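**Q** Contents of my_file-v3.pdb (PDB, C-alpha atoms and all ligand atoms):
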```pdb
ATOM      1  CA  MET U   1     -37.298  16.990 -25.231  1.00  0.00           C
ATOM      2  CA  PRO U   2     -34.370  15.989 -22.994  1.00  0.00           C
ATOM      3  CA  LYS U   3     -34.966  13.310 -20.411  1.00  0.00           C
ATOM      4  CA  ARG U   4     -34.461  15.597 -17.467  1.00  0.00           C
ATOM      5  CA  SER U   5     -37.059  14.428 -14.969  1.00  0.00           C
ATOM      6  CA  SER U   6     -34.786  12.353 -12.745  1.00  0.00           C
ATOM      7  CA  PHE U   7     -32.134  15.052 -12.824  1.00  0.00           C
ATOM      8  CA  ASP U   8     -34.626  17.765 -11.895  1.00  0.00           C
ATOM      9  CA  VAL U   9     -35.926  15.647  -9.026  1.00  0.00           C
ATOM     10  CA  ARG U  10     -32.387  15.199  -7.783  1.00  0.00           C
ATOM     11  CA  ILE U  11     -31.472  18.850  -7.685  1.00  0.00           C
ATOM     12  CA  ARG U  12     -34.669  19.677  -5.772  1.00  0.00           C
ATOM     13  CA  GLU U  13     -33.635  17.353  -2.955  1.00  0.00           C
ATOM     14  CA  THR U  14     -31.999  19.144  -0.034  1.00  0.00           C
ATOM     15  CA  GLN U  15     -29.374  16.400   0.193  1.00  0.00           C
ATOM     16  CA  TRP U  16     -27.912  17.860  -2.996  1.00  0.00           C
ATOM     17  CA  GLU U  17     -27.091  21.231  -1.501  1.00  0.00           C
ATOM     18  CA  GLY U  18     -23.610  22.196  -2.540  1.00  0.00           C
ATOM     19  CA  ALA U  19     -23.788  20.181  -5.759  1.00  0.00           C
ATOM     20  CA  ALA U  20     -21.683  21.699  -8.514  1.00  0.00           C
ATOM     21  CA  CYS U  21     -24.425  21.120 -11.081  1.00  0.00           C
ATOM     22  CA  VAL U  22     -27.126  23.223  -9.442  1.00  0.00           C
ATOM     23  CA  GLY U  23     -28.082  25.825 -12.011  1.00  0.00           C
ATOM     24  CA  ALA U  24     -26.073  24.094 -14.753  1.00  0.00           C
ATOM     25  CA  ASP U  25     -27.524  23.094 -18.123  1.00  0.00           C
ATOM     26  CA  THR U  26     -29.185  19.735 -17.390  1.00  0.00           C
ATOM     27  CA  ASN U  27     -29.003  18.780 -21.075  1.00  0.00           C
ATOM     28  CA  LEU U  28     -25.284  18.198 -20.589  1.00  0.00           C
ATOM     29  CA  PHE U  29     -25.926  15.462 -18.026  1.00  0.00           C
ATOM     30  CA  VAL U  30     -28.691  13.670 -19.909  1.00  0.00           C
ATOM     31  CA  SER U  31     -27.835  14.495 -23.497  1.00  0.00           C
ATOM     32  CA  ASP U  32     -30.122  13.744 -26.419  1.00  0.00           C
ATOM     33  CA  ASN U  33     -27.313  14.453 -28.867  1.00  0.00           C
ATOM     34  CA  LYS U  34     -25.472  11.696 -30.693  1.00  0.00           C
ATOM     35  CA  GLY U  35     -21.853  10.978 -31.520  1.00  0.00           C
ATOM     36  CA  HIS U  36     -19.290  13.726 -31.021  1.00  0.00           C
ATOM     37  CA  LYS U  37     -21.834  16.239 -29.661  1.00  0.00           C
ATOM     38  CA  ARG U  38     -22.934  13.764 -27.020  1.00  0.00           C
ATOM     39  CA  LYS U  39     -19.310  13.144 -26.045  1.00  0.00           C
ATOM     40  CA  MET U  40     -18.757  16.888 -25.716  1.00  0.00           C
ATOM     41  CA  ASP U  41     -21.871  17.252 -23.512  1.00  0.00           C
ATOM     42  CA  GLU U  42     -20.643  14.385 -21.380  1.00  0.00           C
ATOM     43  CA  TYR U  43     -17.182  15.926 -21.145  1.00  0.00           C
ATOM     44  CA  GLN U  44     -18.630  19.231 -19.884  1.00  0.00           C
ATOM     45  CA  ALA U  45     -20.837  17.429 -17.363  1.00  0.00           C
ATOM     46  CA  LYS U  46     -17.951  15.339 -16.058  1.00  0.00           C
ATOM     47  CA  LYS U  47     -15.841  18.470 -15.739  1.00  0.00           C
ATOM     48  CA  LEU U  48     -18.445  19.921 -13.356  1.00  0.00           C
ATOM     49  CA  CYS U  49     -18.630  16.656 -11.422  1.00  0.00           C
ATOM     50  CA  LYS U  50     -14.883  16.677 -10.819  1.00  0.00           C
ATOM     51  CA  SER U  51     -15.285  19.801  -8.684  1.00  0.00           C
ATOM     52  CA  CYS U  52     -18.340  18.500  -6.833  1.00  0.00           C
ATOM     53  CA  PRO U  53     -18.078  17.490  -3.167  1.00  0.00           C
ATOM     54  CA  LEU U  54     -20.949  15.016  -3.637  1.00  0.00           C
ATOM     55  CA  GLN U  55     -19.385  12.994  -6.424  1.00  0.00           C
ATOM     56  CA  MET U  56     -19.304   9.529  -4.849  1.00  0.00           C
ATOM     57  CA  ALA U  57     -22.666   9.933  -3.103  1.00  0.00           C
ATOM     58  CA  CYS U  58     -24.116  10.978  -6.448  1.00  0.00           C
ATOM     59  CA  ALA U  59     -22.688   7.942  -8.253  1.00  0.00           C
ATOM     60  CA  ASP U  60     -24.062   5.670  -5.515  1.00  0.00           C
ATOM     61  CA  PHE U  61     -27.476   7.332  -5.793  1.00  0.00           C
ATOM     62  CA  ALA U  62     -27.553   6.728  -9.554  1.00  0.00           C
ATOM     63  CA  LEU U  63     -26.522   3.100  -9.133  1.00  0.00           C
ATOM     64  CA  GLU U  64     -29.143   2.446  -6.463  1.00  0.00           C
ATOM     65  CA  ASN U  65     -31.890   4.086  -8.510  1.00  0.00           C
ATOM     66  CA  HIS U  66     -30.855   2.767 -11.969  1.00  0.00           C
ATOM     67  CA  LEU U  67     -30.611   6.247 -13.474  1.00  0.00           C
ATOM     68  CA  THR U  68     -29.240   7.207 -16.871  1.00  0.00           C
ATOM     69  CA  GLY U  69     -26.925  10.058 -17.835  1.00  0.00           C
ATOM     70  CA  VAL U  70     -23.859  11.466 -16.091  1.00  0.00           C
ATOM     71  CA  TRP U  71     -24.048  11.102 -12.311  1.00  0.00           C
ATOM     72  CA  GLY U  72     -21.068  11.415 -10.034  1.00  0.00           C
ATOM     73  CA  GLY U  73     -18.836  11.959 -13.032  1.00  0.00           C
ATOM     74  CA  TYR U  74     -19.700   8.597 -14.596  1.00  0.00           C
ATOM     75  CA  ASN U  75     -21.816   7.767 -17.631  1.00  0.00           C
ATOM     76  CA  ASP U  76     -24.032   4.673 -17.866  1.00  0.00           C
ATOM     77  CA  GLU U  77     -21.271   2.314 -19.030  1.00  0.00           C
ATOM     78  CA  GLU U  78     -18.798   3.572 -16.446  1.00  0.00           C
ATOM     79  CA  ARG U  79     -21.351   3.094 -13.678  1.00  0.00           C
ATOM     80  CA  LYS U  80     -21.914  -0.491 -14.824  1.00  0.00           C
ATOM     81  CA  ALA U  81     -18.183  -1.077 -14.360  1.00  0.00           C
ATOM     82  CA  LEU U  82     -18.375   0.680 -10.991  1.00  0.00           C
ATOM     83  CA  LYS U  83     -21.211  -1.632  -9.948  1.00  0.00           C
ATOM     84  CA  ILE U  84     -19.129  -4.677 -10.825  1.00  0.00           C
ATOM     85  CA  ALA U  85     -16.167  -3.249  -8.921  1.00  0.00           C
ATOM     86  CA  LYS U  86     -18.393  -2.606  -5.907  1.00  0.00           C
ATOM     87  CA  SER U  87     -19.684  -6.181  -6.024  1.00  0.00           C
ATOM     88  CA  ILE U  88     -16.190  -7.475  -5.374  1.00  0.00           C
ATOM     89  CA  LEU U  89     -15.333  -5.097  -2.527  1.00  0.00           C
ATOM     90  CA  PRO U  90     -13.946  -6.707   0.618  1.00  0.00           C
ATOM     91  CA  ARG U  91     -16.500  -7.539   3.292  1.00  0.00           C
ATOM     92  CA  GLY U  92     -17.549  -4.508   5.339  1.00  0.00           C
ATOM     93  CA  ARG U  93     -16.768  -1.956   2.657  1.00  0.00           C
ATOM     94  CA  THR U  94     -19.702  -0.525   0.784  1.00  0.00           C
ATOM     95  CA  ARG U  95     -18.112   2.345  -1.048  1.00  0.00           C
ATOM     96  CA  LEU U  96     -15.296   2.790  -3.456  1.00  0.00           C
ATOM     97  CA  ARG U  97     -12.726   5.413  -2.700  1.00  0.00           C
ATOM     98  CA  ARG U  98     -12.044   8.035  -5.297  1.00  0.00           C
ATOM     99  CA  VAL U  99      -8.593   7.485  -6.809  1.00  0.00           C
TER     100      VAL U  99
HETATM  101  S1  LIG F 101     -21.389  14.730  -8.950  1.00  0.00           S
HETATM  102 FE1  LIG F 101     -21.956  15.787 -10.814  1.00  0.00          FE
HETATM  103  S2  LIG F 101     -24.060  15.197 -11.253  1.00  0.00           S
HETATM  104 FE2  LIG F 101     -23.596  14.629  -9.129  1.00  0.00          FE
HETATM  105  S3  LIG F 101     -24.328  16.339  -7.896  1.00  0.00           S
HETATM  106 FE3  LIG F 101     -22.172  16.693  -8.318  1.00  0.00          FE
HETATM  107  S4  LIG F 101     -22.058  17.909 -10.177  1.00  0.00           S
HETATM  108 FE4  LIG F 101     -24.125  17.080 -10.009  1.00  0.00          FE
END
```
Will you turn the file into structure tokens for me?
Ligand code: SF4
**A**
Amino acid sequence: MPKRSSFDVRIRETQWEGAACVGADTNLFVSDNKGHKRKMDEYQAKKLCKSCPLQMACADFALENHLTGVWGGYNDEERKALKIAKSILPRGRTRLRRV
């Protein structure tokens, strides 16, 4: 069974109105597949995230709540790198800008 609980909680929250993933296959975001299939799931999830107006807020939410899967267009490893990048932001800045 896919680990969807945190994802399902997220999409029930009103703060996620307008999210591109509402109604999408949640298995893409928290894939139980391995290898190439997992990469393909991740690719499809990230594709949805690219069109989402909540992308950076979503990535921040996942970082703050230590979630797994694709959030804000980033997988677990990419969010770890994002966390490190955020830790070296200049004083007063709390968010990364999307490049
Ligand atoms: S950034 Fe991606 S995972 Fe986050 S709300 Fe938008 S579509 Fe969903």
**Q** May I ask for the distance between CA of Asp25 in chain U and CA of Asn65 in chain U, given in Å to one decimal place?
**A**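 Atom-to-atom, CA of Asp25 in chain U and CA of Asn65 in chain U are spaced 21.7 Å apart.
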**Q** Give the padded box for ligand LIG 101 (chain F) as lines of an AutoDock Vina configuration file: axis-aligned, covering all atoms listed in the file, 4 Å on each side, centre and edge lengths in Å to one decimal.
**A**
```
center_x = -22.9
center_y = 16.3
center_z = -9.6
size_x = 10.9
size_y = 11.3
size_z = 11.4
```
**Q** For ligand LIG 101 (chain F), return the neighbouring residues as a PyMOL selection string (distance at most 9 Å; only C-alpha atoms and all ligand atoms).
**A** chain U and resi 7+10-11+16-22+24+29+45-59+61-62+69-74
**Q** When you draw a straight line from CA of Gly35 in chain U to CA of Ala81 in chain U, how long is it in Å?
**A**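 Between these atoms lies a distance of 21.3 Å.
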**Q** What is the CA of Asp60 in chain U-CA of Arg79 in chain U distance in Å, reported with one decimal?
**A**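 Result for CA of Asp60 in chain U versus CA of Arg79 in chain U: 9.0 Å, one decimal.
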**Q** Rank U:Gly23, U:Asn75, U:Gln15, U:Pro90 by their smallest atom-to-atom distance to Lys39 in chain U, using only C-alpha atoms, and report the top residue only.
**A**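 Among the listed residues, the smallest separation from Lys39 in chain U belongs to U:Asn75.
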